[in-house]
$ cat data-v3.cif   # mmCIF, C-alpha atoms and all ligand atoms
data_entry
loop_
_atom_site.group_PDB
_atom_site.id
_atom_site.type_symbol
_atom_site.label_atom_id
_atom_site.label_comp_id
_atom_site.auth_asym_id
_atom_site.auth_seq_id
_atom_site.Cartn_x
_atom_site.Cartn_y
_atom_site.Cartn_z
ATOM 1 C CA MET A 1 0.000 0.000 0.000
ATOM 2 C CA HIS A 2 1.273 3.487 -0.890
ATOM 3 C CA THR A 3 1.597 6.383 1.548
ATOM 4 C CA TRP A 4 -0.092 9.754 0.898
ATOM 5 C CA ASN A 5 3.321 11.178 -0.010
ATOM 6 C CA ASP A 6 3.916 8.365 -2.527
ATOM 7 C CA ILE A 7 0.562 9.031 -4.185
ATOM 8 C CA GLU A 8 1.150 12.799 -4.370
ATOM 9 C CA SER A 9 4.592 12.414 -5.905
ATOM 10 C CA MET A 10 3.362 9.840 -8.439
ATOM 11 C CA ILE A 11 0.564 12.223 -9.485
ATOM 12 C CA CYS A 12 2.836 15.273 -9.648
ATOM 13 C CA SER A 13 5.392 13.523 -11.855
ATOM 14 C CA CYS A 14 2.834 11.677 -14.009
ATOM 15 C CA GLY A 15 3.161 11.576 -17.785
ATOM 16 C CA ARG A 16 0.676 8.760 -18.476
ATOM 17 C CA CYS A 17 -1.446 10.933 -20.793
ATOM 18 C CA ALA A 18 -1.079 14.132 -22.828
ATOM 19 C CA LEU A 19 -2.541 16.316 -20.029
ATOM 20 C CA GLY A 20 0.852 15.976 -18.358
ATOM 21 C CA GLN A 21 2.267 18.252 -21.072
ATOM 22 C CA THR A 22 -0.284 21.073 -20.771
ATOM 23 C CA ARG A 23 -0.868 21.221 -17.002
ATOM 24 C CA LYS A 24 0.680 23.910 -14.814
ATOM 25 C CA ASN A 25 0.196 21.784 -11.722
ATOM 26 C CA ALA A 26 -1.220 18.330 -11.144
ATOM 27 C CA VAL A 27 -3.962 18.334 -8.500
ATOM 28 C CA PRO A 28 -3.819 15.411 -6.052
ATOM 29 C CA GLY A 29 -6.735 14.859 -3.673
ATOM 30 C CA LYS A 30 -6.794 17.011 -0.546
ATOM 31 C CA GLY A 31 -8.542 16.910 2.797
ATOM 32 C CA SER A 32 -8.770 14.857 5.943
ATOM 33 C CA HIS A 33 -6.959 11.523 5.782
ATOM 34 C CA ALA A 34 -9.519 10.271 8.327
ATOM 35 C CA ALA A 35 -12.566 11.535 6.387
ATOM 36 C CA GLN A 36 -15.694 9.377 6.274
ATOM 37 C CA ILE A 37 -16.720 11.090 3.028
ATOM 38 C CA MET A 38 -14.722 11.130 -0.209
ATOM 39 C CA LEU A 39 -15.926 13.620 -2.825
ATOM 40 C CA VAL A 40 -14.900 12.784 -6.400
ATOM 41 C CA ALA A 41 -15.338 15.305 -9.222
ATOM 42 C CA GLU A 42 -14.204 15.093 -12.830
ATOM 43 C CA ALA A 43 -11.056 17.163 -13.368
ATOM 44 C CA PRO A 44 -9.384 20.329 -12.069
ATOM 45 C CA GLY A 45 -10.473 23.681 -13.498
ATOM 46 C CA LYS A 46 -8.270 26.650 -14.373
ATOM 47 C CA GLN A 47 -7.779 27.964 -10.830
ATOM 48 C CA GLU A 48 -7.052 24.455 -9.565
ATOM 49 C CA ASP A 49 -4.427 24.065 -12.315
ATOM 50 C CA LEU A 50 -2.759 27.300 -11.175
ATOM 51 C CA GLN A 51 -2.746 26.366 -7.482
ATOM 52 C CA GLY A 52 -2.521 22.554 -7.532
ATOM 53 C CA ILE A 53 -5.437 22.288 -5.072
ATOM 54 C CA PRO A 54 -8.959 20.971 -5.805
ATOM 55 C CA PHE A 55 -12.001 23.284 -5.746
ATOM 56 C CA VAL A 56 -10.282 26.625 -5.116
ATOM 57 C CA GLY A 57 -12.147 28.405 -7.962
ATOM 58 C CA PRO A 58 -15.781 29.539 -8.274
ATOM 59 C CA ALA A 59 -17.116 25.959 -8.062
ATOM 60 C CA GLY A 60 -15.283 25.646 -4.739
ATOM 61 C CA LYS A 61 -17.384 28.486 -3.300
ATOM 62 C CA VAL A 62 -20.551 26.561 -4.173
ATOM 63 C CA LEU A 63 -19.069 23.402 -2.698
ATOM 64 C CA ASP A 64 -18.406 25.290 0.552
ATOM 65 C CA ILE A 65 -22.056 26.446 0.641
ATOM 66 C CA LEU A 66 -23.212 22.837 0.242
ATOM 67 C CA LEU A 67 -20.833 21.532 2.906
ATOM 68 C CA THR A 68 -21.818 24.269 5.376
ATOM 69 C CA SER A 69 -25.531 23.671 4.746
ATOM 70 C CA ALA A 70 -25.024 20.061 5.867
ATOM 71 C CA GLY A 71 -22.964 21.043 8.924
ATOM 72 C CA LEU A 72 -19.728 19.925 7.268
ATOM 73 C CA SER A 73 -16.472 21.674 6.448
ATOM 74 C CA ARG A 74 -13.484 20.820 4.251
ATOM 75 C CA LYS A 75 -11.885 19.252 7.327
ATOM 76 C CA ASP A 76 -14.585 16.553 7.315
ATOM 77 C CA VAL A 77 -14.075 15.427 3.730
ATOM 78 C CA PHE A 78 -11.419 14.330 1.254
ATOM 79 C CA ILE A 79 -11.840 15.969 -2.170
ATOM 80 C CA THR A 80 -10.377 14.544 -5.349
ATOM 81 C CA ASN A 81 -10.983 14.154 -9.075
ATOM 82 C CA ILE A 82 -11.112 11.278 -11.564
ATOM 83 C CA VAL A 83 -8.457 13.070 -13.648
ATOM 84 C CA LYS A 84 -5.757 14.966 -11.756
ATOM 85 C CA CYS A 85 -4.735 17.414 -14.511
ATOM 86 C CA HIS A 86 -6.725 20.264 -16.072
ATOM 87 C CA PRO A 87 -8.091 19.462 -19.542
ATOM 88 C CA PRO A 88 -7.311 22.468 -21.814
ATOM 89 C CA GLY A 89 -10.291 24.719 -22.429
ATOM 90 C CA ASN A 90 -12.118 23.010 -19.562
ATOM 91 C CA ARG A 91 -13.346 20.251 -21.863
ATOM 92 C CA ASP A 92 -14.596 16.964 -20.419
ATOM 93 C CA PRO A 93 -11.751 14.554 -19.678
ATOM 94 C CA LEU A 94 -11.476 11.904 -22.420
ATOM 95 C CA PRO A 95 -12.201 8.258 -21.567
ATOM 96 C CA GLU A 96 -8.522 7.376 -22.111
ATOM 97 C CA GLU A 97 -7.422 10.211 -19.782
ATOM 98 C CA GLN A 98 -9.848 8.967 -17.141
ATOM 99 C CA GLU A 99 -8.573 5.408 -17.509
ATOM 100 C CA ALA A 100 -4.910 6.484 -17.384
ATOM 101 C CA CYS A 101 -5.586 8.331 -14.111
ATOM 102 C CA MET A 102 -7.786 5.751 -12.354
ATOM 103 C CA GLN A 103 -4.807 4.111 -10.662
ATOM 104 C CA TYR A 104 -4.353 7.266 -8.563
ATOM 105 C CA LEU A 105 -8.010 7.382 -7.506
ATOM 106 C CA ARG A 106 -7.783 3.680 -6.650
ATOM 107 C CA ALA A 107 -4.696 4.352 -4.528
ATOM 108 C CA GLU A 108 -6.384 7.305 -2.760
ATOM 109 C CA THR A 109 -9.509 5.222 -2.131
ATOM 110 C CA ALA A 110 -7.548 2.221 -0.820
ATOM 111 C CA LEU A 111 -5.663 4.416 1.635
ATOM 112 C CA LEU A 112 -8.623 6.497 2.838
ATOM 113 C CA HIS A 113 -11.105 3.619 2.693
ATOM 114 C CA PRO A 114 -14.085 5.906 3.291
ATOM 115 C CA PRO A 115 -17.499 4.371 4.051
ATOM 116 C CA VAL A 116 -19.119 6.900 1.683
ATOM 117 C CA ILE A 117 -18.066 8.056 -1.811
ATOM 118 C CA VAL A 118 -19.910 10.990 -3.390
ATOM 119 C CA CYS A 119 -19.597 11.686 -7.107
ATOM 120 C CA LEU A 120 -19.796 15.384 -7.928
ATOM 121 C CA GLY A 121 -21.523 15.462 -11.308
ATOM 122 C CA ARG A 122 -22.295 13.205 -14.230
ATOM 123 C CA ILE A 123 -18.767 12.392 -15.388
ATOM 124 C CA ALA A 124 -17.636 10.999 -12.039
ATOM 125 C CA ALA A 125 -20.962 9.172 -11.597
ATOM 126 C CA GLN A 126 -20.681 7.579 -15.034
ATOM 127 C CA LYS A 127 -17.139 6.451 -14.301
ATOM 128 C CA LEU A 128 -17.733 5.180 -10.745
ATOM 129 C CA ILE A 129 -21.419 4.189 -10.510
ATOM 130 C CA ALA A 130 -22.818 3.329 -13.953
ATOM 131 C CA PRO A 131 -21.818 4.279 -17.538
ATOM 132 C CA ASN A 132 -25.374 5.439 -18.350
ATOM 133 C CA PHE A 133 -25.925 7.304 -15.067
ATOM 134 C CA LYS A 134 -28.468 10.145 -15.488
ATOM 135 C CA ILE A 135 -27.570 12.873 -12.991
ATOM 136 C CA THR A 136 -30.925 14.696 -13.275
ATOM 137 C CA ARG A 137 -32.924 11.538 -12.533
ATOM 138 C CA GLU A 138 -30.569 9.627 -10.260
ATOM 139 C CA HIS A 139 -28.785 12.210 -8.076
ATOM 140 C CA GLY A 140 -29.242 11.493 -4.388
ATOM 141 C CA MET A 141 -29.834 7.744 -4.895
ATOM 142 C CA TRP A 142 -27.572 5.310 -3.047
ATOM 143 C CA VAL A 143 -25.826 2.138 -4.208
ATOM 144 C CA HIS A 144 -23.623 -0.210 -2.190
ATOM 145 C CA ARG A 145 -20.623 -1.290 -4.251
ATOM 146 C CA LYS A 146 -17.483 -3.189 -3.263
ATOM 147 C CA GLY A 147 -17.962 -2.189 0.385
ATOM 148 C CA TYR A 148 -18.607 1.517 -0.304
ATOM 149 C CA TRP A 149 -21.878 3.440 -0.129
ATOM 150 C CA MET A 150 -21.972 5.628 -3.232
ATOM 151 C CA THR A 151 -24.168 8.443 -4.454
ATOM 152 C CA ALA A 152 -23.963 11.347 -6.902
ATOM 153 C CA VAL A 153 -24.963 14.985 -6.523
ATOM 154 C CA TYR A 154 -25.018 17.878 -8.972
ATOM 155 C CA HIS A 155 -21.571 19.240 -9.801
ATOM 156 C CA PRO A 156 -21.083 22.652 -8.125
ATOM 157 C CA SER A 157 -20.427 24.170 -11.599
ATOM 158 C CA ALA A 158 -23.848 22.923 -12.749
ATOM 159 C CA ILE A 159 -25.338 24.798 -9.781
ATOM 160 C CA LEU A 160 -23.442 27.946 -10.818
ATOM 161 C CA ARG A 161 -25.018 27.648 -14.276
ATOM 162 C CA ASP A 162 -28.482 26.853 -12.839
ATOM 163 C CA PRO A 163 -28.921 28.103 -9.257
ATOM 164 C CA ALA A 164 -32.354 26.412 -9.122
ATOM 165 C CA LYS A 165 -30.436 23.172 -8.495
ATOM 166 C CA LEU A 166 -28.999 24.447 -5.196
ATOM 167 C CA GLU A 167 -31.862 23.384 -2.932
ATOM 168 C CA GLU A 168 -31.910 19.833 -4.320
ATOM 169 C CA ALA A 169 -28.150 19.618 -3.868
ATOM 170 C CA LYS A 170 -28.468 20.794 -0.255
ATOM 171 C CA ARG A 171 -30.996 18.005 0.372
ATOM 172 C CA ASP A 172 -28.592 15.491 -1.186
ATOM 173 C CA PHE A 173 -25.808 16.707 1.105
ATOM 174 C CA GLN A 174 -28.096 16.207 4.109
ATOM 175 C CA SER A 175 -28.707 12.647 2.958
ATOM 176 C CA ILE A 176 -24.922 12.139 2.863
ATOM 177 C CA VAL A 177 -24.630 13.145 6.518
ATOM 178 C CA ALA A 178 -27.602 10.891 7.358
ATOM 179 C CA LYS A 179 -25.919 7.974 5.564
ATOM 180 C CA VAL A 180 -22.681 8.434 7.524
ATOM 181 C CA GLN A 181 -24.694 8.476 10.786
ATOM 182 C CA GLU A 182 -26.654 5.390 9.734
ATOM 183 C CA ILE A 183 -23.420 3.505 8.966
ATOM 184 C CA GLU A 184 -21.933 4.609 12.304
ATOM 185 C CA GLU A 185 -25.041 3.532 14.236
ATOM 186 C CA SER A 186 -25.180 0.159 12.480
ATOM 187 C CA LYS A 187 -21.763 -0.633 13.989
ATOM 188 C CA TYR A 188 -23.201 -0.259 17.482
ATOM 189 C CA PRO A 189 -26.762 -1.675 17.283
ATOM 190 C CA LEU A 190 -27.271 -1.435 21.035
HETATM 191 N N1 LIG B 1 -14.214 21.198 -10.965
HETATM 192 C C1 LIG B 1 -13.853 19.901 -10.805
HETATM 193 O O1 LIG B 1 -14.462 19.001 -11.376
HETATM 194 N N2 LIG B 1 -12.812 19.634 -10.008
HETATM 195 C C2 LIG B 1 -12.134 20.581 -9.353
HETATM 196 O O2 LIG B 1 -11.193 20.239 -8.626
HETATM 197 C C3 LIG B 1 -12.552 21.908 -9.513
HETATM 198 C C4 LIG B 1 -13.576 22.205 -10.331
#
$ encode --input "data-v3.cif" --output "structure tokens"
Amino acid sequence: MHTWNDIESMICSCGRCALGQTRKNAVPGKGSHAAQIMLVAEAPGKQEDLQGIPFVGPAGKVLDILLTSAGLSRKDVFITNIVKCHPPGNRDPLPEEQEACMQYLRAETALLHPPVIVCLGRIAAQKLIAPNFKITREHGMWVHRKGYWMTAVYHPSAILRDPAKLEEAKRDFQSIVAKVQEIEESKYPL
């Protein structure tokens, strides 16, 4: 099993796909190494590329609103992406870029081993939950897979484009907290 330092240095020196040539900084996952909740989005944006930290741009502000609304903060979660380098022009990461990067998400997941994994947006949900996942219809639903409880919520950028989605996303974040509590209570049935 790798250490967090191993994973970060592998990501930061990665040249497994062409994004390695255009990135300013690779963006390894960041957050609590004891988090019960792992948030997985698609790929770093422009600000994240400049700083090497996930969700530091406008979408990060929306993410903070969602976390706060559920009584959470960044200290309670681990935030990462399927693809660790910014796709030029903010395009969707290509299937081959996602596949080339999956070994890093697998390593992060194996080390954190969170009870709950939350996909932020369609791309992460289609990669981790089901290839035909429909975010509008299926956000907030739960599946139990390989020992992890998994769900998907709207991507914070989708909420920026359509603020009407905010209330639904807040409800989904409350259901995440409820799921963590339910898992915790099931360990101590008495
Ligand atoms: N959008 C993402 O999908 N990931 C980030 O880290 C930031 C914005």
$ residues_near_point --input "data-v3.cif" --point "(-7.4, 4.8, 3.3)" --cutoff "10 Å" --atoms "all atoms listed in the file" --output "PyMOL selection string"
chain A and resi 1-4+33-36+107-114
$ resolve_selection --input "data-v3.cif" --expression "the PyMOL selection byres (((not hetatm)) within 12 of (chain B and resi 1))" --output "ChimeraX atom specification"
/A:25-30,39-63,78-87,90-93,119-125,154-160
$ residues_around --input "data-v3.cif" --residues "segment 146-150 of chain A" --least-positions-apart "3" --cutoff "7 Å" --atoms "all atoms listed in the file" --output "list of chain:residue names"
A:Pro115, A:Val116, A:Ile117, A:Val118, A:Trp142, A:Val143
$ write_last_selection --input "data-v3.cif" --atoms "C-alpha atoms" --output "PDB file, keeping the file's coordinate frame"
ATOM      1  CA  PRO A 115     -17.499   4.371   4.051  1.00  0.00           C
ATOM      2  CA  VAL A 116     -19.119   6.900   1.683  1.00  0.00           C
ATOM      3  CA  ILE A 117     -18.066   8.056  -1.811  1.00  0.00           C
ATOM      4  CA  VAL A 118     -19.910  10.990  -3.390  1.00  0.00           C
ATOM      5  CA  TRP A 142     -27.572   5.310  -3.047  1.00  0.00           C
ATOM      6  CA  VAL A 143     -25.826   2.138  -4.208  1.00  0.00           C
TER       7      VAL A 143
END
$ resolve_selection --input "data-v3.cif" --expression "the PyMOL selection byres (((chain A and resi 141) around 10) and not hetatm)" --output "CSV table (one decimal) with C-alpha atoms, in the frame of the given file"
chain,number,residue,atom,x,y,z
A,135,ILE,CA,-27.6,12.9,-13.0
A,137,ARG,CA,-32.9,11.5,-12.5
A,138,GLU,CA,-30.6,9.6,-10.3
A,139,HIS,CA,-28.8,12.2,-8.1
A,140,GLY,CA,-29.2,11.5,-4.4
A,142,TRP,CA,-27.6,5.3,-3.0
A,143,VAL,CA,-25.8,2.1,-4.2
A,150,MET,CA,-22.0,5.6,-3.2
A,151,THR,CA,-24.2,8.4,-4.5
A,152,ALA,CA,-24.0,11.3,-6.9
A,153,VAL,CA,-25.0,15.0,-6.5
A,172,ASP,CA,-28.6,15.5,-1.2
A,175,SER,CA,-28.7,12.6,3.0
$ residues_around --input "data-v3.cif" --residues "Glu97 of chain A" --least-positions-apart "2" --cutoff "9 Å" --atoms "all atoms listed in the file" --output "ChimeraX atom specification"
/A:16-19,83,93-95,99-102
$ closest_residue --input "data-v3.cif" --among "A:Ala164, A:Pro88, A:Ile37, A:Phe133" --to "Leu72 of chain A" --atoms "only C-alpha atoms"
A:Ile37
$ axis_aligned_box --input "data-v3.cif" --around "segment 9-16 of chain A" --padding-each-side "3 Å" --output "AutoDock Vina command-line options"
--center_x 3.0 --center_y 12.0 --center_z -12.2 --size_x 10.8 --size_y 12.5 --size_z 18.6
$ atom_distance --input "data-v3.cif" --atom1 "atom CA of Val77 of chain A" --atom2 "atom CA of Glu96 of chain A"
27.6 Å
$ atom_distance --input "data-v3.cif" --atom1 "atom CA of Gln103 of chain A" --atom2 "atom CA of Lys24 of chain A"
21.0 Å
$ atom_distance --input "data-v3.cif" --atom1 "atom CA of Ile176 of chain A" --atom2 "atom CA of Ile129 of chain A"
15.9 Å
$ closest_residue --input "data-v3.cif" --among "A:Gly89, A:Gly31, A:Gly15, A:Gly20" --to "Asp76 of chain A" --atoms "only C-alpha atoms"
A:Gly31
$ closest_residue --input "data-v3.cif" --among "A:Asn5, A:Ser69, A:Thr22, A:Ser13" --to "Glu167 of chain A" --atoms "all atoms listed in the file"
A:Ser69
$ decode --input "data-v3.cif" --residues "segment 100-119 of chain A" --atoms "N, CA and C atoms" --output "tab-separated table (two decimals), in the first residue's frame"
chain	number	residue	atom	x	y	z
A	100	ALA	N	-6.34	6.36	-17.73
A	100	ALA	CA	-4.91	6.48	-17.38
A	100	ALA	C	-4.74	6.96	-15.94
A	101	CYS	N	-5.71	7.72	-15.45
A	101	CYS	CA	-5.59	8.33	-14.11
A	101	CYS	C	-6.21	7.49	-13.00
A	102	MET	N	-7.02	6.49	-13.37
A	102	MET	CA	-7.79	5.75	-12.35
A	102	MET	C	-6.90	5.11	-11.29
A	103	GLN	N	-5.67	4.77	-11.66
A	103	GLN	CA	-4.81	4.11	-10.66
A	103	GLN	C	-4.56	5.03	-9.45
A	104	TYR	N	-4.58	6.34	-9.68
A	104	TYR	CA	-4.35	7.27	-8.56
A	104	TYR	C	-5.60	7.37	-7.68
A	105	LEU	N	-6.77	7.36	-8.31
A	105	LEU	CA	-8.01	7.38	-7.51
A	105	LEU	C	-8.13	6.07	-6.72
A	106	ARG	N	-7.74	4.97	-7.37
A	106	ARG	CA	-7.78	3.68	-6.65
A	106	ARG	C	-6.85	3.72	-5.45
A	107	ALA	N	-5.66	4.29	-5.63
A	107	ALA	CA	-4.70	4.35	-4.53
A	107	ALA	C	-5.23	5.26	-3.41
A	108	GLU	N	-5.82	6.40	-3.77
A	108	GLU	CA	-6.38	7.30	-2.76
A	108	GLU	C	-7.52	6.61	-2.00
A	109	THR	N	-8.36	5.89	-2.76
A	109	THR	CA	-9.51	5.22	-2.13
A	109	THR	C	-9.05	4.10	-1.20
A	110	ALA	N	-8.04	3.34	-1.64
A	110	ALA	CA	-7.55	2.22	-0.82
A	110	ALA	C	-6.96	2.74	0.49
A	111	LEU	N	-6.30	3.88	0.43
A	111	LEU	CA	-5.66	4.42	1.63
A	111	LEU	C	-6.68	5.08	2.57
A	112	LEU	N	-7.61	5.82	2.01
A	112	LEU	CA	-8.62	6.50	2.84
A	112	LEU	C	-9.67	5.51	3.33
A	113	HIS	N	-10.04	4.59	2.46
A	113	HIS	CA	-11.11	3.62	2.69
A	113	HIS	C	-12.34	4.25	3.36
A	114	PRO	N	-12.94	5.22	2.68
A	114	PRO	CA	-14.09	5.91	3.29
A	114	PRO	C	-15.34	5.04	3.21
A	115	PRO	N	-16.24	5.12	4.18
A	115	PRO	CA	-17.50	4.37	4.05
A	115	PRO	C	-18.39	4.94	2.93
A	116	VAL	N	-18.22	6.24	2.64
A	116	VAL	CA	-19.12	6.90	1.68
A	116	VAL	C	-18.31	7.61	0.59
A	117	ILE	N	-18.68	7.37	-0.67
A	117	ILE	CA	-18.07	8.06	-1.81
A	117	ILE	C	-19.16	8.83	-2.54
A	118	VAL	N	-18.92	10.13	-2.75
A	118	VAL	CA	-19.91	10.99	-3.39
A	118	VAL	C	-19.34	11.49	-4.71
A	119	CYS	N	-20.02	11.18	-5.80
A	119	CYS	CA	-19.60	11.69	-7.11
A	119	CYS	C	-20.18	13.08	-7.29
